[in-house]
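Student: Pasting coords-v8.cif here (mmCIF, N, CA and C atoms):
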data_coords
#
loop_
_atom_site.group_PDB
_atom_site.id
_atom_site.type_symbol
_atom_site.label_atom_id
_atom_site.label_comp_id
_atom_site.auth_asym_id
_atom_site.auth_seq_id
_atom_site.Cartn_x
_atom_site.Cartn_y
_atom_site.Cartn_z
ATOM 1 N N MET A 1 130.886 77.861 43.545
ATOM 2 C CA MET A 1 131.136 79.136 42.915
ATOM 3 C C MET A 1 132.643 79.343 42.807
ATOM 4 N N PRO A 2 133.133 79.718 41.642
ATOM 5 C CA PRO A 2 134.561 80.019 41.553
ATOM 6 C C PRO A 2 134.875 81.315 42.289
ATOM 7 N N ASN A 3 136.073 81.417 42.758
ATOM 8 C CA ASN A 3 136.506 82.620 43.461
ATOM 9 C C ASN A 3 137.429 83.415 42.541
ATOM 10 N N ASP A 4 136.875 84.449 41.919
ATOM 11 C CA ASP A 4 137.605 85.254 40.948
ATOM 12 C C ASP A 4 138.500 86.280 41.628
ATOM 13 N N PHE A 5 139.591 86.622 40.949
ATOM 14 C CA PHE A 5 140.359 87.782 41.372
ATOM 15 C C PHE A 5 139.488 89.003 41.107
ATOM 16 N N SER A 6 139.402 89.902 42.086
ATOM 17 C CA SER A 6 138.500 91.036 41.951
ATOM 18 C C SER A 6 139.206 92.388 42.005
ATOM 19 N N HIS A 7 140.448 92.407 42.459
ATOM 20 C CA HIS A 7 141.164 93.676 42.617
ATOM 21 C C HIS A 7 142.632 93.329 42.803
ATOM 22 N N CYS A 8 143.517 94.175 42.333
ATOM 23 C CA CYS A 8 144.945 93.981 42.532
ATOM 24 C C CYS A 8 145.518 95.322 42.973
ATOM 25 N N GLU A 9 146.261 95.322 44.070
ATOM 26 C CA GLU A 9 146.665 96.580 44.686
ATOM 27 C C GLU A 9 148.175 96.630 44.915
ATOM 28 N N LEU A 10 148.761 97.767 44.534
ATOM 29 C CA LEU A 10 150.184 97.989 44.772
ATOM 30 C C LEU A 10 150.368 98.879 45.991
ATOM 31 N N ALA A 11 151.191 98.425 46.930
ATOM 32 C CA ALA A 11 151.613 99.251 48.067
ATOM 33 C C ALA A 11 153.049 99.667 47.788
ATOM 34 N N ALA A 12 153.297 100.983 47.776
ATOM 35 C CA ALA A 12 154.621 101.477 47.401
ATOM 36 C C ALA A 12 155.048 102.640 48.288
ATOM 37 N N ASP A 13 156.361 102.817 48.437
ATOM 38 C CA ASP A 13 156.887 103.967 49.167
ATOM 39 C C ASP A 13 156.691 105.253 48.378
ATOM 40 N N ASP A 14 156.904 105.187 47.071
ATOM 41 C CA ASP A 14 156.826 106.365 46.211
ATOM 42 C C ASP A 14 155.731 106.144 45.174
ATOM 43 N N VAL A 15 154.513 106.496 45.545
ATOM 44 C CA VAL A 15 153.361 106.257 44.676
ATOM 45 C C VAL A 15 153.460 107.088 43.400
ATOM 46 N N ALA A 16 153.957 108.308 43.491
ATOM 47 C CA ALA A 16 154.108 109.147 42.295
ATOM 48 C C ALA A 16 155.028 108.472 41.278
ATOM 49 N N ALA A 17 156.128 107.904 41.743
ATOM 50 C CA ALA A 17 157.052 107.208 40.837
ATOM 51 C C ALA A 17 156.393 105.953 40.263
ATOM 52 N N ALA A 18 155.629 105.243 41.078
ATOM 53 C CA ALA A 18 154.926 104.046 40.596
ATOM 54 C C ALA A 18 153.903 104.414 39.533
ATOM 55 N N LYS A 19 153.165 105.495 39.762
ATOM 56 C CA LYS A 19 152.182 105.947 38.777
ATOM 57 C C LYS A 19 152.864 106.307 37.459
ATOM 58 N N LYS A 20 153.972 107.010 37.532
ATOM 59 C CA LYS A 20 154.702 107.403 36.323
ATOM 60 C C LYS A 20 155.195 106.163 35.579
ATOM 61 N N PHE A 21 155.768 105.218 36.318
ATOM 62 C CA PHE A 21 156.298 104.004 35.710
ATOM 63 C C PHE A 21 155.190 103.198 35.018
ATOM 64 N N TYR A 22 154.133 102.879 35.770
ATOM 65 C CA TYR A 22 153.098 102.005 35.217
ATOM 66 C C TYR A 22 152.278 102.679 34.121
ATOM 67 N N SER A 23 152.080 103.992 34.202
ATOM 68 C CA SER A 23 151.342 104.668 33.132
ATOM 69 C C SER A 23 152.192 104.761 31.867
ATOM 70 N N SER A 24 153.519 104.736 32.004
ATOM 71 C CA SER A 24 154.404 104.711 30.843
ATOM 72 C C SER A 24 154.510 103.309 30.249
ATOM 73 N N LEU A 25 154.437 102.303 31.109
ATOM 74 C CA LEU A 25 154.595 100.910 30.687
ATOM 75 C C LEU A 25 153.320 100.349 30.062
ATOM 76 N N PHE A 26 152.185 100.588 30.715
ATOM 77 C CA PHE A 26 150.921 99.991 30.285
ATOM 78 C C PHE A 26 149.926 101.070 29.870
ATOM 79 N N ASP A 27 148.931 100.673 29.128
ATOM 80 C CA ASP A 27 147.861 101.581 28.703
ATOM 81 C C ASP A 27 146.742 101.548 29.747
ATOM 82 N N TRP A 28 147.069 101.981 30.963
ATOM 83 C CA TRP A 28 146.109 102.006 32.062
ATOM 84 C C TRP A 28 145.598 103.418 32.258
ATOM 85 N N LYS A 29 144.349 103.524 32.681
ATOM 86 C CA LYS A 29 143.795 104.821 33.069
ATOM 87 C C LYS A 29 143.908 104.916 34.591
ATOM 88 N N LEU A 30 144.641 105.910 35.070
ATOM 89 C CA LEU A 30 144.830 106.104 36.510
ATOM 90 C C LEU A 30 143.976 107.275 36.967
ATOM 91 N N SER A 31 143.242 107.077 38.067
ATOM 92 C CA SER A 31 142.360 108.120 38.604
ATOM 93 C C SER A 31 142.598 108.262 40.095
ATOM 94 N N ASP A 32 143.071 109.428 40.530
ATOM 95 C CA ASP A 32 143.271 109.667 41.957
ATOM 96 C C ASP A 32 141.923 109.741 42.665
ATOM 97 N N VAL A 33 141.851 109.158 43.858
ATOM 98 C CA VAL A 33 140.639 109.189 44.671
ATOM 99 C C VAL A 33 140.691 110.460 45.530
ATOM 100 N N PRO A 34 139.707 111.346 45.384
ATOM 101 C CA PRO A 34 139.711 112.595 46.162
ATOM 102 C C PRO A 34 139.746 112.322 47.670
ATOM 103 N N GLY A 35 140.599 113.062 48.365
ATOM 104 C CA GLY A 35 140.679 112.954 49.818
ATOM 105 C C GLY A 35 141.458 111.760 50.324
ATOM 106 N N MET A 36 142.041 110.975 49.427
ATOM 107 C CA MET A 36 142.802 109.799 49.840
ATOM 108 C C MET A 36 144.140 109.772 49.099
ATOM 109 N N ASP A 37 145.108 109.131 49.681
ATOM 110 C CA ASP A 37 146.380 108.890 49.007
ATOM 111 C C ASP A 37 146.248 107.560 48.273
ATOM 112 N N TYR A 38 145.374 107.530 47.261
ATOM 113 C CA TYR A 38 145.060 106.284 46.574
ATOM 114 C C TYR A 38 144.692 106.581 45.133
ATOM 115 N N THR A 39 145.132 105.735 44.230
ATOM 116 C CA THR A 39 144.862 105.882 42.812
ATOM 117 C C THR A 39 144.224 104.604 42.288
ATOM 118 N N MET A 40 143.079 104.741 41.631
ATOM 119 C CA MET A 40 142.421 103.590 41.020
ATOM 120 C C MET A 40 143.057 103.306 39.667
ATOM 121 N N ILE A 41 143.105 102.026 39.310
ATOM 122 C CA ILE A 41 143.659 101.587 38.037
ATOM 123 C C ILE A 41 142.546 100.950 37.217
ATOM 124 N N ASP A 42 142.278 101.524 36.055
ATOM 125 C CA ASP A 42 141.304 100.967 35.116
ATOM 126 C C ASP A 42 142.104 100.357 33.977
ATOM 127 N N VAL A 43 142.034 99.040 33.843
ATOM 128 C CA VAL A 43 142.813 98.344 32.823
ATOM 129 C C VAL A 43 142.007 98.105 31.550
ATOM 130 N N GLY A 44 140.751 98.544 31.545
ATOM 131 C CA GLY A 44 139.887 98.280 30.399
ATOM 132 C C GLY A 44 139.207 96.942 30.588
ATOM 133 N N LYS A 45 139.720 95.894 29.962
ATOM 134 C CA LYS A 45 139.209 94.539 30.158
ATOM 135 C C LYS A 45 140.004 93.881 31.278
ATOM 136 N N GLY A 46 139.349 93.075 32.071
ATOM 137 C CA GLY A 46 140.053 92.343 33.113
ATOM 138 C C GLY A 46 139.953 93.033 34.464
ATOM 139 N N VAL A 47 140.707 92.525 35.388
ATOM 140 C CA VAL A 47 140.676 92.997 36.765
ATOM 141 C C VAL A 47 141.558 94.230 36.913
ATOM 142 N N GLY A 48 140.976 95.308 37.396
ATOM 143 C CA GLY A 48 141.731 96.513 37.688
ATOM 144 C C GLY A 48 142.196 96.495 39.121
ATOM 145 N N GLY A 49 142.469 97.666 39.633
ATOM 146 C CA GLY A 49 142.946 97.714 41.007
ATOM 147 C C GLY A 49 143.255 99.110 41.450
ATOM 148 N N GLY A 50 144.305 99.216 42.241
ATOM 149 C CA GLY A 50 144.677 100.510 42.769
ATOM 150 C C GLY A 50 146.106 100.498 43.271
ATOM 151 N N MET A 51 146.577 101.691 43.619
ATOM 152 C CA MET A 51 147.906 101.802 44.218
ATOM 153 C C MET A 51 147.897 102.918 45.248
ATOM 154 N N GLY A 52 148.649 102.695 46.295
ATOM 155 C CA GLY A 52 148.728 103.675 47.361
ATOM 156 C C GLY A 52 149.955 103.420 48.214
ATOM 157 N N GLY A 53 150.070 104.196 49.276
ATOM 158 C CA GLY A 53 151.191 104.051 50.188
ATOM 159 C C GLY A 53 151.071 102.783 51.014
ATOM 160 N N LYS A 54 152.136 102.472 51.703
ATOM 161 C CA LYS A 54 152.158 101.288 52.560
ATOM 162 C C LYS A 54 151.356 101.551 53.829
ATOM 163 N N ASN A 55 150.735 100.493 54.343
ATOM 164 C CA ASN A 55 149.864 100.607 55.508
ATOM 165 C C ASN A 55 150.471 100.051 56.791
ATOM 166 N N MET A 56 151.563 99.314 56.670
ATOM 167 C CA MET A 56 152.141 98.659 57.832
ATOM 168 C C MET A 56 153.651 98.844 57.838
ATOM 169 N N THR A 57 154.240 98.982 59.018
ATOM 170 C CA THR A 57 155.690 99.052 59.160
ATOM 171 C C THR A 57 156.306 97.762 58.629
ATOM 172 N N GLY A 58 157.325 97.893 57.820
ATOM 173 C CA GLY A 58 158.001 96.717 57.297
ATOM 174 C C GLY A 58 157.331 96.093 56.084
ATOM 175 N N GLN A 59 156.229 96.669 55.643
ATOM 176 C CA GLN A 59 155.518 96.127 54.490
ATOM 177 C C GLN A 59 156.390 96.258 53.247
ATOM 178 N N ALA A 60 156.441 95.217 52.462
ATOM 179 C CA ALA A 60 157.222 95.238 51.225
ATOM 180 C C ALA A 60 156.478 96.005 50.140
ATOM 181 N N THR A 61 157.228 96.570 49.203
ATOM 182 C CA THR A 61 156.609 97.108 47.999
ATOM 183 C C THR A 61 156.204 95.892 47.183
ATOM 184 N N ALA A 62 154.896 95.735 46.989
ATOM 185 C CA ALA A 62 154.413 94.521 46.331
ATOM 186 C C ALA A 62 152.976 94.683 45.867
ATOM 187 N N TRP A 63 152.606 93.852 44.916
ATOM 188 C CA TRP A 63 151.222 93.755 44.462
ATOM 189 C C TRP A 63 150.501 92.725 45.317
ATOM 190 N N THR A 64 149.288 93.047 45.749
ATOM 191 C CA THR A 64 148.456 92.132 46.515
ATOM 192 C C THR A 64 147.188 91.842 45.717
ATOM 193 N N PRO A 65 146.951 90.575 45.375
ATOM 194 C CA PRO A 65 145.711 90.237 44.680
ATOM 195 C C PRO A 65 144.587 90.010 45.693
ATOM 196 N N TYR A 66 143.384 90.437 45.339
ATOM 197 C CA TYR A 66 142.203 90.216 46.173
ATOM 198 C C TYR A 66 141.280 89.257 45.446
ATOM 199 N N VAL A 67 140.672 88.340 46.183
ATOM 200 C CA VAL A 67 139.805 87.308 45.631
ATOM 201 C C VAL A 67 138.406 87.468 46.218
ATOM 202 N N THR A 68 137.393 87.394 45.368
ATOM 203 C CA THR A 68 136.008 87.500 45.822
ATOM 204 C C THR A 68 135.589 86.209 46.520
ATOM 205 N N VAL A 69 135.037 86.355 47.722
ATOM 206 C CA VAL A 69 134.538 85.206 48.484
ATOM 207 C C VAL A 69 133.156 85.542 49.036
ATOM 208 N N ALA A 70 132.396 84.524 49.392
ATOM 209 C CA ALA A 70 131.057 84.733 49.940
ATOM 210 C C ALA A 70 131.110 85.220 51.382
ATOM 211 N N ASP A 71 132.128 84.814 52.135
ATOM 212 C CA ASP A 71 132.212 85.137 53.555
ATOM 213 C C ASP A 71 133.668 85.366 53.943
ATOM 214 N N ALA A 72 134.056 86.625 54.099
ATOM 215 C CA ALA A 72 135.454 86.959 54.395
ATOM 216 C C ALA A 72 135.912 86.372 55.733
ATOM 217 N N LYS A 73 135.058 86.425 56.758
ATOM 218 C CA LYS A 73 135.442 85.877 58.069
ATOM 219 C C LYS A 73 135.707 84.379 57.978
ATOM 220 N N ALA A 74 134.815 83.666 57.312
ATOM 221 C CA ALA A 74 134.974 82.214 57.179
ATOM 222 C C ALA A 74 136.209 81.869 56.351
ATOM 223 N N THR A 75 136.475 82.651 55.311
ATOM 224 C CA THR A 75 137.646 82.391 54.473
ATOM 225 C C THR A 75 138.935 82.638 55.236
ATOM 226 N N LEU A 76 138.980 83.704 56.037
ATOM 227 C CA LEU A 76 140.162 83.957 56.867
ATOM 228 C C LEU A 76 140.376 82.823 57.869
ATOM 229 N N ALA A 77 139.305 82.344 58.479
ATOM 230 C CA ALA A 77 139.415 81.243 59.438
ATOM 231 C C ALA A 77 139.911 79.970 58.748
ATOM 232 N N LYS A 78 139.410 79.706 57.546
ATOM 233 C CA LYS A 78 139.834 78.520 56.803
ATOM 234 C C LYS A 78 141.305 78.642 56.409
ATOM 235 N N ALA A 79 141.722 79.828 55.953
ATOM 236 C CA ALA A 79 143.122 80.038 55.590
ATOM 237 C C ALA A 79 144.025 79.789 56.797
ATOM 238 N N LYS A 80 143.609 80.307 57.942
ATOM 239 C CA LYS A 80 144.394 80.126 59.174
ATOM 240 C C LYS A 80 144.481 78.642 59.534
ATOM 241 N N ALA A 81 143.363 77.933 59.422
ATOM 242 C CA ALA A 81 143.353 76.504 59.720
ATOM 243 C C ALA A 81 144.250 75.718 58.766
ATOM 244 N N LEU A 82 144.429 76.243 57.555
ATOM 245 C CA LEU A 82 145.288 75.587 56.571
ATOM 246 C C LEU A 82 146.757 75.996 56.710
ATOM 247 N N GLY A 83 147.063 76.837 57.704
ATOM 248 C CA GLY A 83 148.447 77.183 57.993
ATOM 249 C C GLY A 83 148.863 78.590 57.613
ATOM 250 N N ALA A 84 147.935 79.403 57.099
ATOM 251 C CA ALA A 84 148.275 80.777 56.739
ATOM 252 C C ALA A 84 148.401 81.641 57.987
ATOM 253 N N THR A 85 149.135 82.728 57.866
ATOM 254 C CA THR A 85 149.242 83.723 58.921
ATOM 255 C C THR A 85 148.388 84.914 58.529
ATOM 256 N N VAL A 86 147.417 85.263 59.372
ATOM 257 C CA VAL A 86 146.554 86.408 59.103
ATOM 258 C C VAL A 86 147.299 87.660 59.542
ATOM 259 N N VAL A 87 147.551 88.578 58.596
ATOM 260 C CA VAL A 87 148.275 89.807 58.909
ATOM 261 C C VAL A 87 147.345 91.008 59.012
ATOM 262 N N VAL A 88 146.172 90.925 58.397
ATOM 263 C CA VAL A 88 145.106 91.918 58.581
ATOM 264 C C VAL A 88 143.833 91.125 58.797
ATOM 265 N N ASP A 89 143.285 91.224 60.008
ATOM 266 C CA ASP A 89 142.063 90.495 60.325
ATOM 267 C C ASP A 89 140.874 91.129 59.600
ATOM 268 N N TYR A 90 139.754 90.492 59.657
ATOM 269 C CA TYR A 90 138.524 90.961 59.004
ATOM 270 C C TYR A 90 138.335 92.459 59.229
ATOM 271 N N MET A 91 138.138 93.188 58.124
ATOM 272 C CA MET A 91 137.979 94.641 58.213
ATOM 273 C C MET A 91 136.912 95.093 57.219
ATOM 274 N N PRO A 92 135.807 95.645 57.722
ATOM 275 C CA PRO A 92 134.787 96.178 56.808
ATOM 276 C C PRO A 92 135.319 97.375 56.028
ATOM 277 N N ILE A 93 134.845 97.524 54.785
ATOM 278 C CA ILE A 93 135.213 98.661 53.942
ATOM 279 C C ILE A 93 133.923 99.379 53.558
ATOM 280 N N GLY A 94 133.436 100.229 54.446
ATOM 281 C CA GLY A 94 132.203 100.975 54.176
ATOM 282 C C GLY A 94 131.095 100.067 53.697
ATOM 283 N N ASP A 95 130.432 100.465 52.620
ATOM 284 C CA ASP A 95 129.348 99.650 52.079
ATOM 285 C C ASP A 95 129.816 98.748 50.935
ATOM 286 N N MET A 96 131.143 98.671 50.741
ATOM 287 C CA MET A 96 131.687 97.854 49.648
ATOM 288 C C MET A 96 131.886 96.400 50.040
ATOM 289 N N GLY A 97 131.924 96.097 51.317
ATOM 290 C CA GLY A 97 132.177 94.730 51.757
ATOM 291 C C GLY A 97 133.205 94.720 52.862
ATOM 292 N N ALA A 98 134.091 93.743 52.815
ATOM 293 C CA ALA A 98 135.119 93.599 53.848
ATOM 294 C C ALA A 98 136.302 92.870 53.244
ATOM 295 N N PHE A 99 137.422 92.889 53.966
ATOM 296 C CA PHE A 99 138.592 92.145 53.507
ATOM 297 C C PHE A 99 139.437 91.719 54.688
ATOM 298 N N GLY A 100 140.394 90.893 54.405
ATOM 299 C CA GLY A 100 141.422 90.479 55.337
ATOM 300 C C GLY A 100 142.620 90.076 54.484
ATOM 301 N N VAL A 101 143.781 90.024 55.098
ATOM 302 C CA VAL A 101 144.983 89.669 54.361
ATOM 303 C C VAL A 101 145.702 88.555 55.110
ATOM 304 N N PHE A 102 146.133 87.564 54.354
ATOM 305 C CA PHE A 102 146.900 86.491 54.968
ATOM 306 C C PHE A 102 148.100 86.159 54.097
ATOM 307 N N VAL A 103 149.108 85.565 54.728
ATOM 308 C CA VAL A 103 150.309 85.125 54.044
ATOM 309 C C VAL A 103 150.306 83.603 54.093
ATOM 310 N N VAL A 104 150.541 83.007 52.958
ATOM 311 C CA VAL A 104 150.498 81.541 52.899
ATOM 312 C C VAL A 104 151.746 80.946 53.523
ATOM 313 N N PRO A 105 151.613 79.715 54.033
ATOM 314 C CA PRO A 105 152.757 79.076 54.682
ATOM 315 C C PRO A 105 153.865 78.755 53.680
#
Could you write out this file's structure as structure tokens?
Tutor:
Amino acid sequence: MPNDFSHCELAADDVAAAKKFYSSLFDWKLSDVPGMDYTMIDVGKGVGGGMGGKNMTGQATAWTPYVTVADAKATLAKAKALGATVVVDYMPIGDMGAFGVFVVP
């Protein structure tokens, strides 16, 4: 099974400025998530995503791509065995699934 990109997320210090910039640059539909400091990005065709504040001290302002996998725990373990550094271990996301974040060597 191919592993498709499924979500792309921007972590930023100034989310309001990021929203203004990207909505001026691209024809994206931005929708704030009620009760969260998070905005969904609908790109129309292709992979959408979201943007929100930073979650970790020292985190860079950057886009993070997410890839669909059959088993997040196994994929994190395989990435680690291949030399990646796991910066967010396996974390369930309600009934949507789970994720983890790693940095490649």
Student: Kindly resolve the PyMOL selection byres ((chain A and resi 90) around 5) on the present coordinates and return the residues as a compact mmCIF listing (two decimals) with N, CA and C atoms, in the frame of the given file.
Tutor:
# COMPACT_ATOMS: atom_id res chain seq x y z
N VAL A 88 146.17 90.92 58.40
CA VAL A 88 145.11 91.92 58.58
C VAL A 88 143.83 91.12 58.80
N ASP A 89 143.28 91.22 60.01
CA ASP A 89 142.06 90.50 60.32
C ASP A 89 140.87 91.13 59.60
N MET A 91 138.14 93.19 58.12
CA MET A 91 137.98 94.64 58.21
C MET A 91 136.91 95.09 57.22
N PRO A 92 135.81 95.64 57.72
CA PRO A 92 134.79 96.18 56.81
C PRO A 92 135.32 97.38 56.03
N PHE A 99 137.42 92.89 53.97
CA PHE A 99 138.59 92.14 53.51
C PHE A 99 139.44 91.72 54.69
N GLY A 100 140.39 90.89 54.40
CA GLY A 100 141.42 90.48 55.34
C GLY A 100 142.62 90.08 54.48
Student: Go ahead and compute the interatomic distance for atom CA of Ala17 of chain A and atom CA of Gly50 of chain A, in Å to one decimal.
Tutor: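 That distance, rounded to one decimal, is 14.2 Å.
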Student: Apply the PyMOL selection byres (((chain A and resi 51 and name CA) around 8) and name CA) to the displayed file and report the matching residues as an MDAnalysis selection string.
Tutor: chainID A and resid 9:12 15 38:41 49:50 52:53
Student: Where does DSSP see helix (DSSP H, G or I) in chain A, if you list the residues as an NGL selection string?
Tutor: :A and (15-25 or 72-81)
Student: Care to translate the PyMOL selection byres (((chain A and resi 87 and name CA) around 12) and name CA) into actual residues of this file, as a JSON list (two decimals) with N, CA and C atoms, in the frame of the given file?
Tutor:
[["chain", "number", "residue", "atom", "x", "y", "z"],
["A", 55, "ASN", "N", 150.74, 100.49, 54.34],
["A", 55, "ASN", "CA", 149.86, 100.61, 55.51],
["A", 55, "ASN", "C", 150.47, 100.05, 56.79],
["A", 56, "MET", "N", 151.56, 99.31, 56.67],
["A", 56, "MET", "CA", 152.14, 98.66, 57.83],
["A", 56, "MET", "C", 153.65, 98.84, 57.84],
["A", 57, "THR", "N", 154.24, 98.98, 59.02],
["A", 57, "THR", "CA", 155.69, 99.05, 59.16],
["A", 57, "THR", "C", 156.31, 97.76, 58.63],
["A", 59, "GLN", "N", 156.23, 96.67, 55.64],
["A", 59, "GLN", "CA", 155.52, 96.13, 54.49],
["A", 59, "GLN", "C", 156.39, 96.26, 53.25],
["A", 76, "LEU", "N", 138.98, 83.70, 56.04],
["A", 76, "LEU", "CA", 140.16, 83.96, 56.87],
["A", 76, "LEU", "C", 140.38, 82.82, 57.87],
["A", 79, "ALA", "N", 141.72, 79.83, 55.95],
["A", 79, "ALA", "CA", 143.12, 80.04, 55.59],
["A", 79, "ALA", "C", 144.02, 79.79, 56.80],
["A", 80, "LYS", "N", 143.61, 80.31, 57.94],
["A", 80, "LYS", "CA", 144.39, 80.13, 59.17],
["A", 80, "LYS", "C", 144.48, 78.64, 59.53],
["A", 84, "ALA", "N", 147.94, 79.40, 57.10],
["A", 84, "ALA", "CA", 148.28, 80.78, 56.74],
["A", 84, "ALA", "C", 148.40, 81.64, 57.99],
["A", 85, "THR", "N", 149.14, 82.73, 57.87],
["A", 85, "THR", "CA", 149.24, 83.72, 58.92],
["A", 85, "THR", "C", 148.39, 84.91, 58.53],
["A", 86, "VAL", "N", 147.42, 85.26, 59.37],
["A", 86, "VAL", "CA", 146.55, 86.41, 59.10],
["A", 86, "VAL", "C", 147.30, 87.66, 59.54],
["A", 88, "VAL", "N", 146.17, 90.92, 58.40],
["A", 88, "VAL", "CA", 145.11, 91.92, 58.58],
["A", 88, "VAL", "C", 143.83, 91.12, 58.80],
["A", 89, "ASP", "N", 143.28, 91.22, 60.01],
["A", 89, "ASP", "CA", 142.06, 90.50, 60.32],
["A", 89, "ASP", "C", 140.87, 91.13, 59.60],
["A", 90, "TYR", "N", 139.75, 90.49, 59.66],
["A", 90, "TYR", "CA", 138.52, 90.96, 59.00],
["A", 90, "TYR", "C", 138.34, 92.46, 59.23],
["A", 91, "MET", "N", 138.14, 93.19, 58.12],
["A", 91, "MET", "CA", 137.98, 94.64, 58.21],
["A", 91, "MET", "C", 136.91, 95.09, 57.22],
["A", 99, "PHE", "N", 137.42, 92.89, 53.97],
["A", 99, "PHE", "CA", 138.59, 92.14, 53.51],
["A", 99, "PHE", "C", 139.44, 91.72, 54.69],
["A", 100, "GLY", "N", 140.39, 90.89, 54.40],
["A", 100, "GLY", "CA", 141.42, 90.48, 55.34],
["A", 100, "GLY", "C", 142.62, 90.08, 54.48],
["A", 101, "VAL", "N", 143.78, 90.02, 55.10],
["A", 101, "VAL", "CA", 144.98, 89.67, 54.36],
["A", 101, "VAL", "C", 145.70, 88.56, 55.11],
["A", 102, "PHE", "N", 146.13, 87.56, 54.35],
["A", 102, "PHE", "CA", 146.90, 86.49, 54.97],
["A", 102, "PHE", "C", 148.10, 86.16, 54.10],
["A", 103, "VAL", "N", 149.11, 85.56, 54.73],
["A", 103, "VAL", "CA", 150.31, 85.12, 54.04],
["A", 103, "VAL", "C", 150.31, 83.60, 54.09],
["A", 104, "VAL", "N", 150.54, 83.01, 52.96],
["A", 104, "VAL", "CA", 150.50, 81.54, 52.90],
["A", 104, "VAL", "C", 151.75, 80.95, 53.52]]
Student: Tell me, in Å to one decimal, how far atom CA of Tyr66 of chain A is from atom C of Lys19 of chain A.
Tutor: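 Atom C of Lys19 of chain A lies 21.2 Å from atom CA of Tyr66 of chain A.
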Student: Scan for residues within 12 Å of the point (138.5, 92.5, 35.4) in the coordinates of the file, using only C-alpha atoms, and reply as an MDAnalysis selection string.
Tutor: chainID A and resid 4:8 41:49 65:68
Student: Edge lengths and centre in Å to one decimal, as JSON, of the axis-aligned box that encloses all listed atoms of segment 39-54 of chain A with 4 Å added on every side?
Tutor:
{"center_x": 145.7, "center_y": 99.1, "center_z": 41.9, "size_x": 21.0, "size_y": 21.5, "size_z": 31.9}
Student: Figure out the distance between atom CA of Gly83 of chain A and atom C of Pro105 of chain A, please, to one decimal in Å.
Tutor: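 Spanning atom C of Pro105 of chain A to atom CA of Gly83 of chain A is a straight-line distance of 7.1 Å.
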Student: Report as a PyMOL selection string: the residues of chain A with a DSSP assignment of strand (DSSP E or B), based on the backbone of this structure.
Tutor: chain A and resi 5-11+29-32+38-42+49-52+62-67+85-93+97-103
